[in-house]
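Asker: Got entry-v3.txt for you, compact mmCIF, C-alpha atoms:
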```
# COMPACT_ATOMS: atom_id res chain seq x y z
CA MET A 101 63.52 84.73 110.13
CA THR A 102 62.03 87.94 108.97
CA ILE A 103 64.52 90.44 110.35
CA ALA A 104 66.07 92.69 107.71
CA GLY A 105 69.65 92.17 108.80
CA LEU A 106 72.17 91.98 111.60
CA LEU A 107 75.25 93.69 112.93
CA GLY A 108 78.59 92.10 112.31
CA ARG A 109 82.30 92.49 112.61
CA LYS A 110 84.63 92.23 109.66
CA ILE A 111 87.20 89.50 110.10
CA GLY A 112 89.10 89.73 106.83
CA MET A 113 89.27 88.45 103.28
CA THR A 114 90.15 85.08 101.89
CA THR A 115 89.44 82.75 98.97
CA TYR A 116 86.54 80.34 98.83
CA TYR A 117 86.49 77.37 96.47
CA HIS A 118 83.28 75.89 95.22
CA ASP A 119 83.09 72.18 94.56
CA ASP A 120 83.28 72.75 90.81
CA GLY A 121 86.66 74.42 91.26
CA THR A 122 85.64 78.02 90.77
CA ALA A 123 87.13 80.40 93.30
CA GLU A 124 85.58 83.50 94.80
CA SER A 125 87.08 86.33 96.80
CA VAL A 126 85.12 86.55 100.00
CA THR A 127 85.05 88.64 103.14
CA ALA A 128 84.47 86.79 106.37
CA VAL A 129 82.11 88.61 108.72
CA GLU A 130 81.33 87.60 112.25
CA VAL A 131 77.58 88.19 112.46
CA GLY A 132 76.17 88.26 115.90
CA PRO A 133 75.18 86.71 118.05
CA CYS A 134 72.99 89.78 118.27
CA VAL A 135 70.51 90.03 121.11
CA VAL A 136 67.14 91.72 120.83
CA THR A 137 67.25 94.65 123.25
CA GLN A 138 63.97 96.34 122.44
CA VAL A 139 60.90 95.72 120.35
CA LYS A 140 59.48 98.91 118.90
CA THR A 141 55.77 98.72 118.34
CA ASP A 142 53.51 100.84 116.22
CA ALA A 143 51.34 101.71 119.23
CA ARG A 144 54.17 102.91 121.43
CA ASP A 145 56.83 104.15 119.02
CA GLY A 146 54.92 104.88 115.86
CA TYR A 147 56.79 102.30 113.81
CA GLU A 148 57.73 98.66 113.98
CA ALA A 149 61.33 97.57 114.41
CA VAL A 150 63.61 95.43 116.49
CA GLN A 151 66.61 96.91 118.27
CA VAL A 152 69.53 94.55 118.57
CA GLY A 153 72.76 94.77 120.53
CA PHE A 154 76.13 93.47 119.42
CA LEU A 155 79.37 92.91 121.37
CA ALA A 156 79.58 93.25 125.14
CA ALA A 157 80.21 96.80 126.36
CA SER A 158 82.95 97.51 128.85
CA LYS A 159 81.62 100.90 129.85
CA LEU A 160 78.24 102.56 129.56
CA ASN A 161 76.98 105.89 130.77
CA GLN A 162 74.01 105.83 133.13
CA ALA A 163 71.42 106.63 130.51
CA GLU A 164 72.63 103.80 128.29
CA ALA A 165 73.00 101.44 131.21
CA GLY A 166 69.46 102.17 132.33
CA HIS A 167 68.05 101.41 128.92
CA GLN A 168 70.13 98.31 128.59
CA THR A 169 69.42 96.76 131.99
CA ARG A 170 65.77 96.77 131.04
CA SER A 171 66.77 95.14 127.78
CA GLY A 172 68.87 92.49 129.48
CA GLY A 173 72.54 92.74 128.64
CA LYS A 174 75.16 95.36 127.97
CA PHE A 175 76.15 96.02 124.42
CA GLU A 176 78.63 98.23 122.66
CA HIS A 177 76.50 98.66 119.55
CA LEU A 178 72.75 99.07 119.28
CA GLN A 179 70.91 99.32 116.00
CA GLU A 180 67.40 98.85 114.71
CA PHE A 181 66.22 96.60 111.94
CA SER A 182 62.82 96.37 110.38
CA VAL A 183 61.01 93.06 110.64
CA ALA A 184 58.14 91.51 108.76
CA ASP A 185 56.53 89.91 111.78
CA LEU A 186 57.00 91.58 115.13
CA ALA A 187 55.45 88.67 117.02
CA GLU A 188 58.48 86.50 116.28
CA TYR A 189 60.75 88.63 118.43
CA GLU A 190 61.05 89.26 122.13
CA VAL A 191 63.64 91.00 124.28
CA GLY A 192 66.60 88.79 125.10
CA GLN A 193 66.26 86.63 122.03
CA GLU A 194 69.52 85.71 120.37
CA LEU A 195 69.91 86.10 116.61
CA LYS A 196 72.56 84.17 114.76
CA ALA A 197 74.04 83.79 111.32
CA ASP A 198 71.12 81.62 110.20
CA VAL A 199 69.21 84.85 109.66
CA PHE A 200 70.90 84.84 106.27
CA GLU A 201 70.47 82.29 103.55
CA VAL A 202 73.24 81.21 101.22
CA GLY A 203 72.90 82.95 97.87
CA GLU A 204 70.92 85.83 99.29
CA SER A 205 71.53 89.32 97.95
CA ILE A 206 72.65 91.72 100.67
CA LYS A 207 74.05 95.17 101.22
CA VAL A 208 76.72 96.01 103.76
CA THR A 209 77.16 99.34 105.49
CA GLY A 210 80.33 100.26 107.31
CA THR A 211 82.86 102.98 107.93
CA SER A 212 85.52 103.14 105.25
CA LYS A 213 89.21 103.14 106.09
CA GLY A 214 90.74 106.54 106.80
CA LYS A 215 92.94 107.93 104.06
CA GLY A 216 94.06 111.11 105.83
CA PHE A 217 94.42 114.33 103.87
CA ALA A 218 94.18 113.23 100.28
CA GLY A 219 94.76 115.18 97.10
CA VAL A 220 92.22 115.50 94.31
CA VAL A 221 93.66 112.66 92.26
CA ARG A 222 93.03 110.16 95.04
CA ARG A 223 89.93 111.75 96.48
CA TRP A 224 88.00 112.73 93.37
CA ASN A 225 89.77 110.78 90.62
CA PHE A 226 91.03 113.94 88.91
CA ARG A 227 93.58 113.26 86.22
CA GLY A 228 96.22 115.68 87.48
CA GLY A 229 98.41 117.58 85.06
CA PRO A 230 100.57 116.41 82.17
CA LYS A 231 103.67 114.42 83.08
CA THR A 232 105.80 115.93 80.30
CA HIS A 233 105.92 118.82 77.84
CA GLY A 234 107.74 121.11 80.19
CA GLN A 235 105.35 120.76 83.10
CA SER A 236 106.65 121.27 86.57
CA ASP A 237 104.97 121.02 89.96
CA ARG A 238 101.56 120.25 88.56
CA HIS A 239 101.49 116.51 88.07
CA ARG A 240 98.73 115.99 90.61
CA SER A 241 97.33 119.49 90.84
CA PRO A 242 93.57 120.19 90.60
CA GLY A 243 93.80 122.85 87.88
CA SER A 244 91.21 125.61 87.82
CA ILE A 245 88.71 125.80 90.65
CA GLY A 246 86.37 128.24 88.99
CA ALA A 247 85.90 131.39 86.89
CA GLY A 248 87.36 134.86 87.60
CA THR A 249 85.73 138.13 88.68
CA SER A 250 82.31 136.69 88.13
CA PRO A 251 81.39 135.00 90.46
CA GLY A 252 84.52 136.18 92.26
CA ARG A 253 84.40 133.29 94.69
CA VAL A 254 84.71 129.55 94.77
CA TRP A 255 81.44 127.65 94.55
CA PRO A 256 80.58 125.71 97.66
CA GLY A 257 81.11 121.98 97.16
CA THR A 258 83.97 122.40 94.69
CA LYS A 259 86.03 119.24 94.68
CA MET A 260 89.37 119.83 96.36
CA GLY A 261 91.89 117.98 98.47
CA GLY A 262 91.00 117.28 102.07
CA HIS A 263 90.18 114.62 104.56
CA PHE A 264 89.22 111.38 102.86
CA GLY A 265 87.88 108.14 104.25
CA VAL A 266 86.18 107.33 107.56
CA GLU A 267 82.85 107.79 105.83
CA LYS A 268 79.71 105.73 106.04
CA LYS A 269 79.64 103.60 102.93
CA THR A 270 77.13 101.07 101.70
CA ILE A 271 78.04 98.41 99.20
CA LYS A 272 75.02 96.95 97.46
CA GLY A 273 74.57 93.83 95.42
CA LEU A 274 76.76 91.57 97.52
CA ARG A 275 75.93 87.92 97.99
CA VAL A 276 76.13 85.45 100.84
CA VAL A 277 78.49 82.76 99.65
CA ALA A 278 78.42 80.58 102.74
CA ALA A 279 77.11 80.74 106.28
CA ASP A 280 78.55 78.94 109.28
CA VAL A 281 76.02 79.09 112.09
CA ASP A 282 78.23 77.34 114.66
CA ASN A 283 80.97 79.94 114.39
CA ASN A 284 78.54 82.73 113.51
CA VAL A 285 80.42 83.58 110.37
CA VAL A 286 79.07 84.63 107.02
CA LEU A 287 81.19 84.75 103.88
CA VAL A 288 80.26 87.66 101.65
CA ARG A 289 81.25 87.83 98.01
CA GLY A 290 83.67 90.72 97.38
CA SER A 291 84.98 93.44 99.63
CA ILE A 292 83.18 95.48 102.27
CA PRO A 293 83.98 98.89 103.79
CA GLY A 294 86.39 99.32 106.68
CA GLY A 295 89.31 97.52 108.18
CA LYS A 296 89.49 94.33 110.18
CA ASN A 297 87.35 94.32 113.33
CA GLY A 298 85.24 97.11 111.86
CA ILE A 299 81.54 97.04 112.73
CA VAL A 300 79.28 96.54 109.74
CA ARG A 301 75.56 96.40 109.19
CA ILE A 302 74.43 93.61 106.90
CA GLU A 303 70.99 93.90 105.40
CA ARG A 304 68.93 91.80 103.12
CA GLN A 305 68.35 93.58 99.86
CA GLY A 306 64.86 94.27 98.69
CA LYS A 307 64.03 92.45 95.51
CA MET B 255 90.45 85.99 114.30
CA ASP B 256 92.07 85.25 110.98
CA ALA B 257 89.84 84.93 107.95
CA SER B 258 91.89 82.25 106.26
CA ALA B 259 91.75 80.13 109.39
CA LEU B 260 87.99 80.01 109.17
CA ILE B 261 87.77 78.23 105.91
CA GLU B 262 88.22 74.60 106.48
CA ARG B 263 91.60 73.79 105.06
CA LYS B 264 91.76 70.25 103.90
CA PRO B 265 95.13 68.65 104.40
CA LEU B 266 97.03 68.69 101.15
CA ASP B 267 98.11 65.09 101.35
CA HIS B 268 97.53 64.65 97.64
CA ILE B 269 100.23 67.22 96.89
CA GLN B 270 103.79 66.04 97.31
CA ASP B 271 106.38 68.39 98.72
CA PHE B 272 107.99 70.33 95.90
CA GLN B 273 110.03 73.42 95.36
CA PRO B 274 110.82 75.67 92.40
CA GLY B 275 112.80 73.90 89.70
CA ASP B 276 111.15 70.55 90.30
CA THR B 277 109.36 68.79 87.51
CA VAL B 278 105.88 67.86 88.62
CA THR B 279 102.88 66.05 87.21
CA VAL B 280 99.66 67.77 88.13
CA ASN B 281 96.52 65.72 87.69
CA LEU B 282 93.70 68.13 87.01
CA ARG B 283 90.02 67.40 86.90
CA ILE B 284 88.62 68.66 83.63
CA VAL B 285 84.89 68.97 83.11
CA GLU B 286 83.74 68.66 79.52
CA GLY B 287 80.01 69.19 79.33
CA ASP B 288 78.59 66.57 81.66
CA ARG B 289 81.67 64.36 81.54
CA GLN B 290 84.68 64.77 83.69
CA ARG B 291 88.13 63.30 83.34
CA VAL B 292 91.58 63.72 84.75
CA GLN B 293 94.22 65.41 82.66
CA ALA B 294 97.88 65.33 83.54
CA PHE B 295 99.97 68.45 83.12
CA GLN B 296 103.70 67.94 83.45
CA GLY B 297 106.20 70.75 83.66
CA ASN B 298 108.63 72.74 85.75
CA VAL B 299 107.53 74.58 88.84
CA ILE B 300 108.68 78.14 88.21
CA SER B 301 107.04 79.73 91.23
CA GLY B 302 105.63 78.61 94.56
CA LYS B 303 106.59 75.81 96.86
CA HIS B 304 104.83 73.33 99.02
CA ARG B 305 105.82 72.06 102.40
CA ILE B 306 103.46 69.75 104.24
CA ALA B 307 104.59 71.31 107.51
CA LYS B 308 103.70 74.81 106.40
CA SER B 309 100.40 74.45 104.65
CA PRO B 310 99.64 77.08 101.98
CA LEU B 311 96.82 79.57 102.59
CA PRO B 312 93.56 79.35 100.62
CA GLY B 313 94.63 81.93 98.06
CA ASP B 314 98.12 80.58 97.43
CA THR B 315 99.08 79.30 93.99
CA PHE B 316 102.01 77.84 92.12
CA ILE B 317 102.99 78.06 88.46
CA VAL B 318 103.89 75.10 86.28
CA ARG B 319 105.53 75.73 82.91
CA ARG B 320 106.02 73.35 80.04
CA VAL B 321 106.91 73.73 76.41
CA SER B 322 104.28 72.05 74.32
CA TYR B 323 104.87 71.72 70.56
CA GLY B 324 107.30 74.61 70.75
CA VAL B 325 104.87 76.85 72.60
CA GLY B 326 105.41 77.76 76.22
CA VAL B 327 102.40 76.96 78.37
CA GLU B 328 102.05 78.06 81.97
CA ARG B 329 99.30 77.15 84.37
CA ILE B 330 98.65 78.93 87.62
CA ILE B 331 97.36 76.29 90.00
CA PRO B 332 95.68 77.11 93.32
CA PHE B 333 96.84 74.74 96.03
CA HIS B 334 93.38 74.37 97.47
CA SER B 335 91.43 74.04 94.25
CA PRO B 336 89.19 70.99 94.33
CA ASN B 337 90.14 70.42 90.71
CA VAL B 338 93.65 69.39 91.68
CA GLU B 339 93.51 65.63 91.95
CA SER B 340 97.18 65.14 92.82
CA VAL B 341 100.65 66.59 92.36
CA LYS B 342 103.61 64.27 92.00
CA VAL B 343 107.25 65.22 91.81
CA THR B 344 108.94 63.41 88.94
CA ARG B 345 112.31 65.14 89.06
CA GLN B 346 114.00 67.42 91.54
CA GLY B 347 115.74 70.42 90.03
CA LYS B 348 118.73 72.35 91.26
CA VAL B 349 118.10 76.06 90.97
CA ARG B 350 119.43 79.16 92.65
CA ARG B 351 116.35 81.32 92.80
CA SER B 352 112.79 80.90 93.94
CA ARG B 353 111.12 82.29 90.83
CA LEU B 354 112.37 80.93 87.56
CA TYR B 355 110.85 83.55 85.28
CA TYR B 356 114.12 83.69 83.34
CA LEU B 357 113.13 80.39 81.74
CA ARG B 358 110.51 82.25 79.72
CA GLY B 359 113.22 83.88 77.63
CA LEU B 360 115.18 80.68 77.06
CA THR B 361 114.62 77.79 74.71
CA GLY B 362 116.21 74.44 73.95
CA LYS B 363 119.34 73.48 75.81
CA LYS B 364 119.50 76.74 77.70
CA ALA B 365 116.11 76.13 79.26
CA ARG B 366 117.26 72.99 81.03
CA ILE B 367 117.35 72.67 84.81
CA LYS B 368 120.10 70.64 86.49
CA GLU B 369 118.94 67.69 88.51
CA ARG B 370 119.34 67.76 92.27
CA ARG B 371 120.68 64.58 93.77
```
Represent the supplied structure as structure tokens.
Answerer:
Amino acid sequence: MTIAGLLGRKIGMTTYYHDDGTAESVTAVEVGPCVVTQVKTDARDGYEAVQVGFLAASKLNQAEAGHQTRSGGKFEHLQEFSVADLAEYEVGQELKADVFEVGESIKVTGTSKGKGFAGVVRRWNFRGGPKTHGQSDRHRSPGSIGAGTSPGRVWPGTKMGGHFGVEKKTIKGLRVVAADVDNNVVLVRGSIPGGKNGIVRIERQGK
Amino acid sequence: MDASALIERKPLDHIQDFQPGDTVTVNLRIVEGDRQRVQAFQGNVISGKHRIAKSPLPGDTFIVRRVSYGVGVERIIPFHSPNVESVKVTRQGKVRRSRLYYLRGLTGKKARIKERR
């Protein structure tokens, strides 16, 4: 398999024991089955890639439905992945967990959990104010946000409190600990962004 | 789907039912270089319990404490670790709490646990 990755759904975390007794924290991800919905060729699209669909869609607008009937199947999520050899793929082909090899280095992209309106300590790792020495009301305050009359304004991009989470995050340097092709599950070393049932993009990492 | 359900959970037949306060012998596989042997570790269970009917999850552990040459030694043992050869209950203890961390501050006669009959 030469495809760069697949779409998956986070199942949750657990512990995996190797035969020598060492334990690893792993995240179980349901990968696929993804179905090839379109093959993008250099001649037609200007680049080479494979578009895959993941999870059956309950509702599609007409434009989406039109594209997808040609592609055979209705999917909630469509994404493209680069491939080394375009000839290996055709529309309707099913891709399973065996795309990944055990021990392979991967990166996982997902949407992080929402944290709501978060203060600067949580959002930007500010230290907050002193706990003692007569301090009041400033234990988690941001402190100064800039100079005075000059520039006379707050610089754009200044770190402040605000909405935190629900961002696209990529975790690199993860590893496939085990792959179960029958159940389409891959165990990934460590944690990945998002909550349970979150959609994630797993990609092989360039070495 | 539940992540812990995915990992094949071997039945823990080699681990006898125990509860906190029990004295157990844990046979652990120790690898020394290219040799491996089984080492027994006997002590009181101060945390965690095992019931065959309610199998522990992959990440669950229990703690066994013993006093060895006057030094308290505690081992945190994962139920599902392949290094656990067997767990045998040698004495059932009568205790009133589920975590016996108070034993850490006691020595000698005070650190005894009554036997359950």
Asker: Extract, using all atoms listed in the file, all DNA, RNA and protein residues at most 8 Å from Ala128 of chain A, discarding same-chain residues fewer than 3 positions from it, and format them as a short mmCIF file (atom, residue, chain, number, x, y, z; two decimals) with C-alpha atoms, in the coordinates of the input.
Answerer:
```
data_model
loop_
_atom_site.label_atom_id
_atom_site.label_comp_id
_atom_site.auth_asym_id
_atom_site.auth_seq_id
_atom_site.Cartn_x
_atom_site.Cartn_y
_atom_site.Cartn_z
CA LYS A 110 84.63 92.23 109.66
CA ILE A 111 87.20 89.50 110.10
CA GLY A 112 89.10 89.73 106.83
CA MET A 113 89.27 88.45 103.28
CA THR A 114 90.15 85.08 101.89
CA VAL A 285 80.42 83.58 110.37
CA VAL A 286 79.07 84.63 107.02
CA LEU A 287 81.19 84.75 103.88
CA VAL A 288 80.26 87.66 101.65
CA ALA B 257 89.84 84.93 107.95
#
```
Asker: Taking only C-alpha atoms into account, which of B:Thr344, B:Ser335, B:Thr279, B:Thr315 comes nearest Phe295 of chain B?
Answerer: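 Of the candidates, the smallest distance to Phe295 of chain B is held by B:Thr279.
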Asker: Tell me, as a PDB file with C-alpha atoms, in the frame of the given file, which residues lie within 12 Å of Gly132 of chain A, counting all atoms listed in the file; anything in the same chain fewer than 4 positions away does not count.
Answerer:
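The resulting out.pdb:
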```pdb
ATOM      1  CA  GLY A 105      69.650  92.170 108.800  1.00  0.00           C
ATOM      2  CA  LEU A 106      72.170  91.980 111.600  1.00  0.00           C
ATOM      3  CA  LEU A 107      75.250  93.690 112.930  1.00  0.00           C
ATOM      4  CA  GLY A 108      78.590  92.100 112.310  1.00  0.00           C
ATOM      5  CA  ARG A 109      82.300  92.490 112.610  1.00  0.00           C
ATOM      6  CA  LYS A 110      84.630  92.230 109.660  1.00  0.00           C
ATOM      7  CA  VAL A 136      67.140  91.720 120.830  1.00  0.00           C
ATOM      8  CA  VAL A 152      69.530  94.550 118.570  1.00  0.00           C
ATOM      9  CA  GLY A 153      72.760  94.770 120.530  1.00  0.00           C
ATOM     10  CA  PHE A 154      76.130  93.470 119.420  1.00  0.00           C
ATOM     11  CA  LEU A 155      79.370  92.910 121.370  1.00  0.00           C
ATOM     12  CA  ALA A 156      79.580  93.250 125.140  1.00  0.00           C
ATOM     13  CA  PHE A 175      76.150  96.020 124.420  1.00  0.00           C
ATOM     14  CA  HIS A 177      76.500  98.660 119.550  1.00  0.00           C
ATOM     15  CA  LEU A 178      72.750  99.070 119.280  1.00  0.00           C
ATOM     16  CA  GLN A 193      66.260  86.630 122.030  1.00  0.00           C
ATOM     17  CA  GLU A 194      69.520  85.710 120.370  1.00  0.00           C
ATOM     18  CA  LEU A 195      69.910  86.100 116.610  1.00  0.00           C
ATOM     19  CA  LYS A 196      72.560  84.170 114.760  1.00  0.00           C
ATOM     20  CA  ALA A 197      74.040  83.790 111.320  1.00  0.00           C
ATOM     21  CA  ASP A 198      71.120  81.620 110.200  1.00  0.00           C
ATOM     22  CA  VAL A 199      69.210  84.850 109.660  1.00  0.00           C
ATOM     23  CA  PHE A 200      70.900  84.840 106.270  1.00  0.00           C
ATOM     24  CA  ASP A 280      78.550  78.940 109.280  1.00  0.00           C
ATOM     25  CA  VAL A 281      76.020  79.090 112.090  1.00  0.00           C
ATOM     26  CA  ASP A 282      78.230  77.340 114.660  1.00  0.00           C
ATOM     27  CA  ASN A 283      80.970  79.940 114.390  1.00  0.00           C
ATOM     28  CA  ASN A 284      78.540  82.730 113.510  1.00  0.00           C
ATOM     29  CA  VAL A 285      80.420  83.580 110.370  1.00  0.00           C
ATOM     30  CA  VAL A 286      79.070  84.630 107.020  1.00  0.00           C
ATOM     31  CA  ILE A 299      81.540  97.040 112.730  1.00  0.00           C
ATOM     32  CA  VAL A 300      79.280  96.540 109.740  1.00  0.00           C
ATOM     33  CA  ARG A 301      75.560  96.400 109.190  1.00  0.00           C
ATOM     34  CA  ILE A 302      74.430  93.610 106.900  1.00  0.00           C
TER      35      ILE A 302
END
```
Asker: Using atom CA of Gly234 of chain A and atom CA of Lys259 of chain A as the two end points, give the distance in Å to one decimal.
Answerer: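 Here the two named atoms are 26.2 Å from each other.
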Asker: Please tell me which residues are no farther than 12 Å from (116.4, 71.9, 80.6) in the file, counting all atoms listed in the file, and write them as a short mmCIF file (atom, residue, chain, number, x, y, z; two decimals) with C-alpha atoms, in the frame of the given file.
Answerer:
```
data_model
loop_
_atom_site.label_atom_id
_atom_site.label_comp_id
_atom_site.auth_asym_id
_atom_site.auth_seq_id
_atom_site.Cartn_x
_atom_site.Cartn_y
_atom_site.Cartn_z
CA GLY B 275 112.80 73.90 89.70
CA ASP B 276 111.15 70.55 90.30
CA THR B 277 109.36 68.79 87.51
CA GLY B 297 106.20 70.75 83.66
CA ASN B 298 108.63 72.74 85.75
CA ARG B 319 105.53 75.73 82.91
CA ARG B 320 106.02 73.35 80.04
CA VAL B 321 106.91 73.73 76.41
CA ARG B 345 112.31 65.14 89.06
CA GLY B 347 115.74 70.42 90.03
CA LYS B 348 118.73 72.35 91.26
CA VAL B 349 118.10 76.06 90.97
CA LEU B 357 113.13 80.39 81.74
CA ARG B 358 110.51 82.25 79.72
CA LEU B 360 115.18 80.68 77.06
CA THR B 361 114.62 77.79 74.71
CA GLY B 362 116.21 74.44 73.95
CA LYS B 363 119.34 73.48 75.81
CA LYS B 364 119.50 76.74 77.70
CA ALA B 365 116.11 76.13 79.26
CA ARG B 366 117.26 72.99 81.03
CA ILE B 367 117.35 72.67 84.81
CA LYS B 368 120.10 70.64 86.49
CA GLU B 369 118.94 67.69 88.51
#
```
